[in-house]
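Engineer: Pasting data.tsv below, which is TSV, C-alpha atoms.
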chain	number	residue	atom	x	y	z
A	1	MET	CA	145.14	39.62	108.34
A	2	ALA	CA	143.66	42.76	106.84
A	3	LEU	CA	144.97	46.28	106.50
A	4	PHE	CA	142.88	49.07	108.02
A	5	TYR	CA	143.04	52.83	107.56
A	6	TYR	CA	142.33	54.65	110.81
A	7	GLN	CA	141.73	58.13	112.16
A	8	ALA	CA	142.21	58.53	115.89
A	9	LEU	CA	142.78	61.07	118.62
A	10	GLU	CA	145.84	61.17	120.84
A	11	ARG	CA	145.42	61.83	124.56
A	12	ASN	CA	146.23	65.53	124.02
A	13	GLY	CA	143.37	65.81	121.46
A	14	ARG	CA	145.59	65.89	118.39
A	15	LYS	CA	144.25	64.01	115.35
A	16	THR	CA	146.34	61.22	113.87
A	17	LYS	CA	145.82	58.81	110.99
A	18	GLY	CA	147.55	55.82	109.50
A	19	MET	CA	147.35	52.16	108.58
A	20	ILE	CA	147.27	49.18	110.93
A	21	GLU	CA	147.22	45.43	110.34
A	22	ALA	CA	144.60	43.48	112.28
A	23	ASP	CA	142.28	40.47	112.04
A	24	SER	CA	139.13	42.63	112.11
A	25	ALA	CA	137.97	46.20	112.64
A	26	ARG	CA	137.32	45.34	116.28
A	27	HIS	CA	140.87	44.03	116.65
A	28	ALA	CA	142.21	47.21	114.99
A	29	ARG	CA	140.35	49.35	117.55
A	30	GLN	CA	141.81	47.23	120.38
A	31	LEU	CA	145.33	47.68	119.00
A	32	LEU	CA	144.83	51.44	118.71
A	33	ARG	CA	143.56	51.68	122.29
A	34	GLY	CA	146.67	49.75	123.33
A	35	LYS	CA	148.71	52.59	121.80
A	36	ASP	CA	146.74	55.15	123.88
A	37	LEU	CA	144.77	56.31	120.84
A	38	ILE	CA	141.02	56.88	120.66
A	39	PRO	CA	139.71	55.41	117.39
A	40	VAL	CA	137.40	57.75	115.48
A	41	HIS	CA	137.19	56.02	112.08
A	42	ILE	CA	138.27	52.55	110.87
A	43	GLU	CA	138.06	51.47	107.23
A	44	ALA	CA	139.21	48.18	105.69
A	45	ARG	CA	141.69	48.87	102.90
A	46	MET	CA	143.11	45.51	101.87
A	47	ASN	CA	142.58	41.91	102.80
A	48	ALA	CA	145.85	39.97	102.53
A	49	SER	CA	144.06	36.71	101.74
A	50	ALA	CA	142.14	38.34	98.86
A	51	GLY	CA	145.33	39.70	97.34
A	52	GLY	CA	144.19	43.31	97.52
A	53	LEU	CA	140.88	42.83	95.71
A	54	LEU	CA	138.97	44.90	98.26
A	55	GLN	CA	141.20	47.90	97.70
A	56	ARG	CA	141.15	47.60	93.90
A	57	ARG	CA	137.35	47.33	93.81
A	58	ARG	CA	136.93	50.38	96.01
A	59	HIS	CA	139.23	52.49	93.82
A	60	ALA	CA	137.58	51.29	90.60
A	61	HIS	CA	134.20	52.38	91.97
A	62	ARG	CA	135.56	55.83	92.83
A	63	ARG	CA	136.98	56.31	89.34
A	64	VAL	CA	133.63	55.56	87.71
A	65	ALA	CA	131.65	57.67	90.15
A	66	ALA	CA	134.05	60.62	89.98
A	67	GLY	CA	134.50	60.56	86.20
A	68	ARG	CA	130.89	60.60	84.99
A	69	SER	CA	132.16	61.76	81.59
A	70	GLY	CA	130.73	58.74	79.79
A	71	ALA	CA	134.14	57.67	78.54
A	72	VAL	CA	135.22	54.13	79.32
A	73	HIS	CA	138.92	53.45	79.68
A	74	ALA	CA	140.45	50.04	79.12
A	75	PRO	CA	142.70	48.67	81.88
A	76	THR	CA	146.41	49.05	81.24
A	77	GLY	CA	149.23	46.66	81.97
A	78	ASN	CA	150.12	43.17	80.93
A	79	ALA	CA	147.69	40.94	82.80
A	80	GLY	CA	147.89	38.05	80.34
A	81	ALA	CA	146.13	37.00	77.15
A	82	GLY	CA	142.65	37.79	78.46
A	83	SER	CA	143.43	41.46	79.03
A	84	ASN	CA	143.12	42.36	75.32
A	85	ALA	CA	139.70	40.75	75.04
A	86	ALA	CA	138.47	42.61	78.12
A	87	GLY	CA	139.93	45.85	76.81
A	88	ASN	CA	138.19	45.36	73.46
A	89	LEU	CA	134.86	44.80	75.18
A	90	LEU	CA	135.26	47.93	77.26
A	91	THR	CA	136.31	50.18	74.37
A	92	GLY	CA	133.97	48.79	71.72
A	93	GLY	CA	136.69	46.86	69.87
A	94	GLN	CA	138.92	49.84	69.13
Give the structure from this file in structure tokens form.
Structural biologist:
Amino acid sequence: MALFYYQALERNGRKTKGMIEADSARHARQLLRGKDLIPVHIEARMNASAGGLLQRRRHAHRRVAAGRSGAVHAPTGNAGAGSNAAGNLLTGGQ
């Protein structure tokens, strides 16, 4: 199952948004209609079988596009022995 961000309209015209778990975007729209909501926008946020890779990739892209300062930042955290090598490549060995 995947996690989807949605924007929808209630019957009274009020906008609502949230997250919903579904097999596909089509399934998410069906579930929203079952809750008397009119789907306006559906966006995949995380695929449970991919372990969240979709969401992490999307956010990484936004950071690069928004930053545009030319600076490259090494990933933080303890991801294992390979993380130092990747960090050195990204920062020029510093």
Engineer: Between CA of Ala44 in chain A and CA of Asn12 in chain A, measure the distance and give it in Å to one decimal.
Structural biologist: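 Distance reported for this atom pair: 26.2 Å.
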Engineer: Have a look at A:Met1, A:Ala28, A:Leu37, A:Met46 and name the one nearest to Gly13 in chain A; count only C-alpha atoms.
Structural biologist: A:Leu37
Engineer: Quote the spacing between CA of Ala2 in chain A and CA of Leu31 in chain A in Å to one decimal place.
Structural biologist: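 Spanning CA of Ala2 in chain A to CA of Leu31 in chain A is a straight-line distance of 13.2 Å.
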Engineer: What is the distance, in Å and to one decimal place, between CA of Asp23 in chain A and CA of Pro39 in chain A?
Structural biologist: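 Straight-line distance from CA of Asp23 in chain A to CA of Pro39 in chain A works out to 16.1 Å.
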Engineer: For Phe4 in chain A, find every residue with an atom within 10 Å (counting only C-alpha atoms), except residues of its own chain fewer than 6 positions away, and show them as a ChimeraX atom specification.
Structural biologist: /A:18-25,28-29,41-47
Engineer: For the selection you just gave me, I'd like the residues written to a file as an mmCIF file, in the coordinates of the input, keeping C-alpha atoms.
Structural biologist:
data_model
loop_
_atom_site.group_PDB
_atom_site.id
_atom_site.type_symbol
_atom_site.label_atom_id
_atom_site.label_comp_id
_atom_site.auth_asym_id
_atom_site.auth_seq_id
_atom_site.Cartn_x
_atom_site.Cartn_y
_atom_site.Cartn_z
ATOM 1 C CA GLY A 18 147.550 55.820 109.500
ATOM 2 C CA MET A 19 147.350 52.160 108.580
ATOM 3 C CA ILE A 20 147.270 49.180 110.930
ATOM 4 C CA GLU A 21 147.220 45.430 110.340
ATOM 5 C CA ALA A 22 144.600 43.480 112.280
ATOM 6 C CA ASP A 23 142.280 40.470 112.040
ATOM 7 C CA SER A 24 139.130 42.630 112.110
ATOM 8 C CA ALA A 25 137.970 46.200 112.640
ATOM 9 C CA ALA A 28 142.210 47.210 114.990
ATOM 10 C CA ARG A 29 140.350 49.350 117.550
ATOM 11 C CA HIS A 41 137.190 56.020 112.080
ATOM 12 C CA ILE A 42 138.270 52.550 110.870
ATOM 13 C CA GLU A 43 138.060 51.470 107.230
ATOM 14 C CA ALA A 44 139.210 48.180 105.690
ATOM 15 C CA ARG A 45 141.690 48.870 102.900
ATOM 16 C CA MET A 46 143.110 45.510 101.870
ATOM 17 C CA ASN A 47 142.580 41.910 102.800
#
Engineer: Which protein, DNA or RNA residues have an atom at most 8 Å from (138.0, 59.3, 116.7), counting all atoms listed in the file? List them as a VMD selection string.
Structural biologist: chain A and resid 7 to 9 15 38 to 41
Engineer: N, CA and C atoms are needed for range 16-31 of chain A; please write them out as a short mmCIF file (atom, residue, chain, number, x, y, z; two decimals), in the coordinates of the input.
Structural biologist:
data_model
loop_
_atom_site.label_atom_id
_atom_site.label_comp_id
_atom_site.auth_asym_id
_atom_site.auth_seq_id
_atom_site.Cartn_x
_atom_site.Cartn_y
_atom_site.Cartn_z
N THR A 16 145.31 62.01 114.53
CA THR A 16 146.34 61.22 113.87
C THR A 16 145.66 60.22 112.94
N LYS A 17 146.37 59.79 111.92
CA LYS A 17 145.82 58.81 110.99
C LYS A 17 146.94 57.91 110.51
N GLY A 18 146.55 56.75 109.99
CA GLY A 18 147.55 55.82 109.50
C GLY A 18 146.92 54.50 109.11
N MET A 19 147.78 53.50 108.96
CA MET A 19 147.35 52.16 108.58
C MET A 19 147.78 51.20 109.69
N ILE A 20 146.96 50.19 109.92
CA ILE A 20 147.27 49.18 110.93
C ILE A 20 146.80 47.82 110.43
N GLU A 21 147.58 46.79 110.72
CA GLU A 21 147.22 45.43 110.34
C GLU A 21 146.51 44.77 111.51
N ALA A 22 145.37 44.14 111.23
CA ALA A 22 144.60 43.48 112.28
C ALA A 22 143.70 42.41 111.65
N ASP A 23 143.17 41.54 112.50
CA ASP A 23 142.28 40.47 112.04
C ASP A 23 140.89 41.00 111.68
N SER A 24 140.46 42.07 112.34
CA SER A 24 139.13 42.63 112.11
C SER A 24 139.15 44.10 112.52
N ALA A 25 138.07 44.80 112.23
CA ALA A 25 137.97 46.20 112.64
C ALA A 25 137.99 46.30 114.17
N ARG A 26 137.34 45.36 114.81
CA ARG A 26 137.32 45.34 116.28
C ARG A 26 138.73 45.17 116.83
N HIS A 27 139.49 44.26 116.23
CA HIS A 27 140.87 44.03 116.65
C HIS A 27 141.72 45.28 116.41
N ALA A 28 141.48 45.97 115.29
CA ALA A 28 142.21 47.21 114.99
C ALA A 28 141.95 48.26 116.07
N ARG A 29 140.68 48.39 116.48
CA ARG A 29 140.35 49.35 117.55
C ARG A 29 141.06 48.98 118.85
N GLN A 30 141.12 47.68 119.16
CA GLN A 30 141.81 47.23 120.38
C GLN A 30 143.29 47.59 120.32
N LEU A 31 143.91 47.36 119.15
CA LEU A 31 145.33 47.68 119.00
C LEU A 31 145.58 49.19 119.14
#
